[in-house]
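Undergrad: Next up is a structure, given as structure tokens.
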Amino acid sequence: MFDATTIRKDFPVLQRQVHGRPLVYLDSAATSQKPQAVLDAITRFYEERNANVHRGVHALAEEATEAYESARTRVARFVGADPRGVVFTRNATEAFNIVAYSWARTRLGPGDIVLSTQMEHHANIVPWQLVQPEAGFELRYVPVTPDGRLDIDGLERILATGRVKLFTCTAMSNVVGTINPVADLAGRVRAANRDCVVVVDGAQSVPHLPTDVLALGADFLCFSGHKMLGPTGIGALVGKPELLDAMPPFLGGGEMISNVTLEGTTFNEIPYKFEAGTPAIAEAVGLGAAVDYLDALGMDAVRAHEVALLEVALPALLAIDGVTVHGPRDPHERGAAVSFSVAGLHPHDIGTIMDREGVAVRAGHHCAKPLVRLLGSAATTRASFYVYNTVDEVAALVDAIEVTKRFFNG
Amino acid sequence: MSLDDLYQEIILDHYRSPRNRSADLDPHDVHVHHSNPLCGDELDVRLRVDRSDPTAPTVDALAFDGDGCAISMASASAMSEAVVGRKLSDAEDLTEAFRLMMHGEGVKREDDLLDGVAFQGIAKFPVRVKCALLGWMAFKDAVTTYAAGRDEHRVTND
């Protein structure tokens, strides 16, 4: 039985107060809070097994390597991937950069199209822009409809060029919450070009939805640990092993080599080829513990809990005079990040007053400026829910919006 | 520091009942548009200059319009009241007094700043200082643009 009230007790920071009020943390789409099990796993690693990985012959080095590789295996299982295809990165952003620099930059050229969407986080826009001038490919974006969905006709028009060689999109929008039909989209792009590589931004979806990378039809899946109860500084690029194998390394240094002479270097096998230098070992161990925690809850139950919260939150927000909710209205078509606008009020003012009520929300462009601009605003306020949020906190959100309105409108 | 330092009654009053807020000023000599892409603030300032004394041009009228947080809009409103009727050079000096106050470097020309003094407490909220400065900096730019003999200037801050 999924009980958020019990789950909350596992999260030390949720026990604190802010400005004399109980913390209502509704900013998990920015970063999630961490359960005691994750904090303990990191501490225990340093207290009991700390050593560098893949090198030493002593007992601690073996245990540290085992802990690090065990985390990789569990993260791989969590998303249905081959562990050889799980590259630990700092975050989803670094994962995108590896694909941009090591795949797109070396494989694509003039005449080719990299197709992203107008719904993307900056992390799935800027890396392609960075390598575009050198590679010479064309960078285009699938349009977004006013209700915050990808425009399938617009997608098909671009696919009809037959030149799309890489398609990338988010599985779940961090602003409007839209769950994109990734498997269907991957099918469409491959129908237009059998060899098109599909890159999926899982930063929002992997923490909140059951994920199977093969079912998604993704060649590459990028996500961050810190949004899924894990620590910052660890994320993953999940790639098809044969694609990763054929790619040149991104960063050079220790760990990623098999032999180095002053004349040249041969590279280690995947995934180590993409993990130059000492990796974030304790953070990987922490992510492994986070995956265990989510597995124990069950991702189907996590999703059902969030749908239940949305079934309360969406009508409650829409019932407030002057509030507009962006993105799909059906809880089954969206994730638990809910952006809204309040007529006449600026998100920074809303965020400031709500903070004084103990309610932590995000105000701004959410690192997705092109999308927020399409919504007709420069910024929105976003409340995002996770495993530890309760229906009572939805009520606290609604109350805080009413307080904010009274404060400014007098 | 409390919320009352950030949103004083005087500030809320300027936010709810802005002075000199208008989409146009007819005629005007100079129009500047300032934006802050980080918070999405947009501000237009239109300035009409009285040149009846050629040695001392004066702020004849000013209109602002925009989209931004309560602090930025209220501060632009308070600025407009403080600068109208002043010689351009004097209004620039007043702008500098406001800027120094917002950076916690004391309050000069307290009486001349009028309701602008109410924004002093925002100096304790570093992330909101730029909101309070937006209108004043746009006004300063309008004067500079006018002095350079131009009638339009667009600036992107961050």
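Order determines the names: the first chain of the structure tokens is A, the second B, and so forth; residues in each chain are numbered 1 upward, and ligands are numbered 1 upward as they are shown.
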Chain A residues within 10 Å of chain B, counting only C-alpha atoms: which ones, as a list in words?
TA: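 Going by the stated atoms only, the list reads His19, Gly344, Leu345, His346, Pro347, His348, Asp349, Ile350, Thr352, Ile353, Arg356, Ala363, Gly364, His365, Cys367, Lys369, Arg373, Ser377, Ala378, Ala379, Thr380, Phe407, Phe408, Asn409 and Gly410 of chain A.
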Undergrad: Contacts of Met102 of chain B at 7 Å or less, counting only C-alpha atoms, minus same-chain residues fewer than 4 places along, as a list in words?
TA: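 Neighbouring residues, sequence-local ones excluded: Phe98, Gln120, Ala123 and Val129 of chain B.
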Undergrad: Show me, as an MDAnalysis selection string, the residues that have an atom within 12 Å of Tyr25 of chain A when counting only C-alpha atoms, minus same-chain residues fewer than 3 positions from it.
TA: chainID A and resid 8 11 13:18 21:22 28:33 354:355 357:362 382:390 392:394 396:397
Undergrad: Which residues are close to Ala319 of chain A, i.e. within 12 Å by only C-alpha atoms, leaving aside same-chain residues fewer than 5 positions away? Reply as a count of residues only.
TA: 9
Undergrad: Give me, as a ChimeraX atom specification, the residues of segment 48-184 of chain A that a backbone DSSP run labels helix (DSSP H, G or I).
TA: /A:48-49,59-78,83-85,92-107,122-124,126-135,152-159,182-184
Undergrad: Keeping only C-alpha atoms, write the selected residues as an mmCIF file, in the first residue's frame.
TA:
data_model
loop_
_atom_site.group_PDB
_atom_site.id
_atom_site.type_symbol
_atom_site.label_atom_id
_atom_site.label_comp_id
_atom_site.auth_asym_id
_atom_site.auth_seq_id
_atom_site.Cartn_x
_atom_site.Cartn_y
_atom_site.Cartn_z
ATOM 1 C CA GLU A 48 33.617 1.471 5.134
ATOM 2 C CA ARG A 49 34.724 0.983 1.534
ATOM 3 C CA ALA A 59 40.454 -5.213 -0.557
ATOM 4 C CA LEU A 60 38.946 -1.724 -0.375
ATOM 5 C CA ALA A 61 39.554 -1.142 -4.085
ATOM 6 C CA GLU A 62 37.791 -4.381 -4.900
ATOM 7 C CA GLU A 63 34.846 -3.528 -2.666
ATOM 8 C CA ALA A 64 34.579 0.004 -4.069
ATOM 9 C CA THR A 65 34.639 -1.372 -7.615
ATOM 10 C CA GLU A 66 32.008 -3.925 -6.715
ATOM 11 C CA ALA A 67 29.794 -1.204 -5.185
ATOM 12 C CA TYR A 68 30.218 1.068 -8.218
ATOM 13 C CA GLU A 69 29.535 -1.683 -10.758
ATOM 14 C CA SER A 70 26.638 -3.021 -8.745
ATOM 15 C CA ALA A 71 25.076 0.448 -8.929
ATOM 16 C CA ARG A 72 25.514 0.349 -12.717
ATOM 17 C CA THR A 73 23.808 -3.028 -12.918
ATOM 18 C CA ARG A 74 20.847 -1.843 -10.856
ATOM 19 C CA VAL A 75 20.471 1.395 -12.832
ATOM 20 C CA ALA A 76 20.594 -0.673 -16.045
ATOM 21 C CA ARG A 77 17.886 -3.016 -14.768
ATOM 22 C CA PHE A 78 15.783 -0.035 -13.685
ATOM 23 C CA PRO A 83 24.866 -2.578 -18.212
ATOM 24 C CA ARG A 84 27.571 -2.236 -20.888
ATOM 25 C CA GLY A 85 25.423 0.522 -22.358
ATOM 26 C CA ALA A 92 21.534 14.371 -18.172
ATOM 27 C CA THR A 93 23.201 17.464 -19.610
ATOM 28 C CA GLU A 94 26.562 15.712 -19.844
ATOM 29 C CA ALA A 95 24.853 12.702 -21.414
ATOM 30 C CA PHE A 96 23.426 14.907 -24.194
ATOM 31 C CA ASN A 97 26.825 16.465 -24.733
ATOM 32 C CA ILE A 98 28.418 13.038 -25.219
ATOM 33 C CA VAL A 99 25.898 12.190 -27.938
ATOM 34 C CA ALA A 100 26.298 15.623 -29.548
ATOM 35 C CA TYR A 101 30.095 15.597 -29.572
ATOM 36 C CA SER A 102 30.856 11.910 -30.047
ATOM 37 C CA TRP A 103 27.987 10.927 -32.338
ATOM 38 C CA ALA A 104 26.407 13.925 -34.106
ATOM 39 C CA ARG A 105 29.623 15.898 -34.584
ATOM 40 C CA THR A 106 31.451 12.973 -36.146
ATOM 41 C CA ARG A 107 28.609 11.337 -38.110
ATOM 42 C CA HIS A 122 18.000 23.850 -22.742
ATOM 43 C CA ALA A 123 20.082 20.697 -22.146
ATOM 44 C CA ASN A 124 18.478 19.197 -25.261
ATOM 45 C CA VAL A 126 22.283 23.896 -26.587
ATOM 46 C CA PRO A 127 24.583 20.835 -27.127
ATOM 47 C CA TRP A 128 23.244 20.456 -30.690
ATOM 48 C CA GLN A 129 23.720 24.176 -31.292
ATOM 49 C CA LEU A 130 27.314 23.916 -30.062
ATOM 50 C CA VAL A 131 28.361 21.207 -32.508
ATOM 51 C CA GLN A 132 26.193 22.405 -35.396
ATOM 52 C CA PRO A 133 28.633 24.949 -36.914
ATOM 53 C CA GLU A 134 31.482 22.426 -37.078
ATOM 54 C CA ALA A 135 29.382 19.513 -38.298
ATOM 55 C CA ILE A 152 2.600 15.544 -35.282
ATOM 56 C CA ASP A 153 1.760 17.108 -38.674
ATOM 57 C CA GLY A 154 4.694 19.460 -38.211
ATOM 58 C CA LEU A 155 6.901 16.464 -37.361
ATOM 59 C CA GLU A 156 5.775 14.568 -40.453
ATOM 60 C CA ARG A 157 6.464 17.582 -42.701
ATOM 61 C CA ILE A 158 10.069 17.712 -41.535
ATOM 62 C CA LEU A 159 10.438 13.911 -41.727
ATOM 63 C CA VAL A 182 8.033 8.413 -27.601
ATOM 64 C CA ALA A 183 7.644 4.888 -29.009
ATOM 65 C CA ASP A 184 5.180 6.156 -31.614
#
Undergrad: Of the residues B:Gln8, B:Ser80, B:Thr156, B:Ser17, which is the one nearest to Leu94 of chain B, using only C-alpha atoms?
TA: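 Checking each candidate against Leu94 of chain B, we get B:Ser80 as the closest.
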Undergrad: Give me the residues within 12 Å of Pro210 of chain A as a PyMOL selection string, counting only C-alpha atoms and dropping any in the same chain fewer than 2 places off.
TA: chain A and resi 77-80+171+202+204-208+212-213+215-216+291+294-295+297-304
Undergrad: Quick one: everything within 6 Å of segment 267-269 of chain A, counting only C-alpha atoms, minus sequence neighbours fewer than 5 positions away in the same chain. Send it as a PyMOL selection string.
TA: chain A and resi 256-258
Undergrad: Output the selection as a CSV table (one decimal), in the first residue's frame - C-alpha atoms for each residue.
TA:
chain,number,residue,atom,x,y,z
A,256,MET,CA,39.0,5.4,-20.3
A,257,ILE,CA,42.2,3.9,-21.9
A,258,SER,CA,43.5,0.4,-22.4
Undergrad: Hey, what's within 12 Å of Asn20 of chain B if we count only C-alpha atoms and toss same-chain stuff fewer than 5 positions away? As a ChimeraX atom specification, please?
TA: /B:14-15,25,44-47,61-66,73-84
Undergrad: Using DSSP on the backbone, list every residue of chain B that comes out as strand (DSSP E), and give them as a PyMOL selection string.
TA: chain B and resi 30-36+41-50+58-67+152-156
Undergrad: From the list B:Arg48, B:Glu110, B:Arg86, B:Ile11, which residue is nearest Ala132 of chain B when using only C-alpha atoms?
TA: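 The shortest atom-to-atom distance to Ala132 of chain B comes from B:Ile11.
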Undergrad: Would you mind telling me which residue in A:Ile179, A:Leu166, A:Ala284, A:Ala81 lies nearest to Gly335 of chain A when using only C-alpha atoms?
TA: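 Among A:Ile179, A:Leu166, A:Ala284, A:Ala81, it is A:Ile179 that comes nearest to Gly335 of chain A.
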Undergrad: Pick out the closest residue to Val87 of chain A from this set: A:Val307, A:Val24, A:Leu108, A:Ala280. Count only C-alpha atoms.
TA: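 Of A:Val307, A:Val24, A:Leu108, A:Ala280, the one nearest Val87 of chain A, counting only C-alpha atoms, is A:Ala280.
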Undergrad: Report, in Å with one decimal, the straight-line distance from atom CA of Glu242 of chain A to atom CA of Leu139 of chain A.
TA: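 Computed distance, atom CA of Glu242 of chain A to atom CA of Leu139 of chain A, equals 25.2 Å.
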